[in-house]
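Notes follow the structure.
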Amino acid sequence: MSIPSDGVSDPFRMDGRVALVSGASSGLGRHFAGVLARAGARVALGARRADETRKAAEEIAADGGTSVAVPLDVTDQSSIDAALDAIEARFGKVDTLVNNAGVASAQPSLDVDGEAWDRILDTNLKGAWLLARACASRLVAGGAPGAIVNIASIVGHRVSGGLMPYAVSKAGMVHMTRVLAMEWARHGIRVNAIAPGYIETDLNREFLRSEAGERLRARVPQRRFGEPDDLDGALLLLASDAGRFITGVSLPVDGGHLVNSL
């Protein structure tokens with residue numbers, strides 16, 4: 001997305017904001033961090049893979065942005081606290097959170113064991129809750145407003161076979177978004193979600209270009225899969241002052257796939 005630089009006030013700008021993106025070492029999280037940095041935010045990239053996270057932060061800095069890499073395991077409260085402490089020492093309090101960290105597996109529900117269930121739900125849902133709560137607690141204590149953008153999925157809104165724990169975690173995230181939005185609005189904290197459809201990344205490109213992927217593409221009304229850039233507008237709308245009266249929504253960005261599945 002092109003951000004105007006002609007000095008005219010732009011509600012989509014993020015100047016003066018401190019953003020944290022979880023799961024930022026690769027894929028959409030890495031992309032989101034770059035989008036926020038180009039919009040003027042000081043961005044912290046959090047993930048467990050320290051080397052890749054540091055490389056991503058360095059790429060943002062080389063592009064003229066302001067960024068820092070912090071170790072972050074969203075399933076570990078002590079890791080969350082340490083990351084937020086490090087960001088505050090460098091940039092100040094996090095006022096914009098992109099809850100992106102997540103894991104998935106594809107298998108029939110009868111084959112899902114307790115270990116796989118716990119791994120997916122602990123990261124995608126409990127981890128998102130722990131990180132949102134930690135950020136919100138600090139904002140409330142300081143009397144500061146903020147914005148939280150949870151990265152959900154269209155499978156949190158519709159049934160898709162073979163993705164049971166992942167779909168349950170994203171459905172839970174959608175409802176968690178609504179509850180937190182209701183409770184935290186009084187503190188000036190907006191909570192929204194983006195529900196991406198099938199977005200082509202390095203992780204899924206081979207599948208999406210396979211015969212099975214082509215059958216899936218035919219179900220999308222726009223007859224294409226999304227690209228990471230297709231999420232930029234939704235991210236900046238929900239994170240910036242452009243969306244200051246929007247809270248509690250889960251915004252599908254899917255080329256019409258969800259509508260076609262109803």
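In the structure tokens, chains take the letters A, B, ... in the order shown, each chain's residues start at 1, and ligands count up from 1 in the order shown.
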Can you list every residue in range 23-249 of chain A that DSSP puts in strand (DSSP E or B), as a ChimeraX atom specification?
-> /A:42-47,66-71,96-99,146-151,189-196,199,226
Could you name the residues that touch range 63-74 of chain A at 9 Å or less, counting only C-alpha atoms, but leaving out those on the same chain fewer than 4 positions away, as a PyMOL selection string?
-> chain A and resi 22-24+33-34+37-50+53-59+78-80+82-84+86-87+90+101+122-124+126-131
Among range 1-210 of chain A, which residues carry a DSSP assignment of helix (DSSP H, G or I), reported as an MDAnalysis selection string?
-> chainID A and resid 27:38 50:62 77:90 109:111 114:142 154:156 164:187 205:208
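Of the listed residues A:Pro228, A:Gly197, A:Gly213, A:Gly102, the one whose atoms come nearest to Leu258 in chain A is A:Gly197, with distances taken using only C-alpha atoms.
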Neighbour list for Leu236 in chain A as a ChimeraX atom specification, cut-off 9 Å, only C-alpha atoms, skip fewer than 2 positions in-chain | /A:12-14,35-36,39,231-234,238-243
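Interatomic distance, CA of Thr75 in chain A to CA of Asp118 in chain A: 10.8 Å.
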Could you tell me how far CA of Asp76 in chain A lies from CA of Leu125 in chain A, in Å and to one decimal?
-> 12.9 Å
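In this model, the gap between CA of Ala147 in chain A and CA of Gly248 in chain A comes to 11.1 Å.
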Fewer than 2 positions away in the same chain doesn't count, so skip those; otherwise give me all residues within 8 Å of range 106-111 of chain A, counting only C-alpha atoms, as a VMD selection string.
-> chain A and resid 104 113 161 to 164
Prev. selection, N, CA and C atoms, output as an mmCIF file, in the first residue's frame:
data_model
loop_
_atom_site.group_PDB
_atom_site.id
_atom_site.type_symbol
_atom_site.label_atom_id
_atom_site.label_comp_id
_atom_site.auth_asym_id
_atom_site.auth_seq_id
_atom_site.Cartn_x
_atom_site.Cartn_y
_atom_site.Cartn_z
ATOM 1 N N ALA A 104 -0.216 -24.780 12.801
ATOM 2 C CA ALA A 104 -1.330 -25.537 12.223
ATOM 3 C C ALA A 104 -0.885 -26.945 11.889
ATOM 4 N N ASP A 113 -4.250 -36.096 18.196
ATOM 5 C CA ASP A 113 -4.061 -36.529 19.578
ATOM 6 C C ASP A 113 -4.001 -35.324 20.512
ATOM 7 N N GLY A 161 -12.729 -29.309 6.455
ATOM 8 C CA GLY A 161 -12.275 -30.613 6.926
ATOM 9 C C GLY A 161 -10.764 -30.693 7.077
ATOM 10 N N GLY A 162 -10.346 -31.487 8.045
ATOM 11 C CA GLY A 162 -8.924 -31.754 8.225
ATOM 12 C C GLY A 162 -8.161 -30.695 8.980
ATOM 13 N N LEU A 163 -8.845 -29.672 9.489
ATOM 14 C CA LEU A 163 -8.156 -28.584 10.178
ATOM 15 C C LEU A 163 -8.775 -28.328 11.556
ATOM 16 N N MET A 164 -9.309 -29.376 12.196
ATOM 17 C CA MET A 164 -10.147 -29.182 13.367
ATOM 18 C C MET A 164 -9.508 -28.348 14.481
#
Could you give me, as a list in words, the residues within 8 Å of Tyr166 in chain A, counting only C-alpha atoms and dropping anything in the same chain fewer than 4 positions from it?
-> Val103, Ala104, Ser105, Ile120, Leu121, Asn124 and Lys170 of chain A
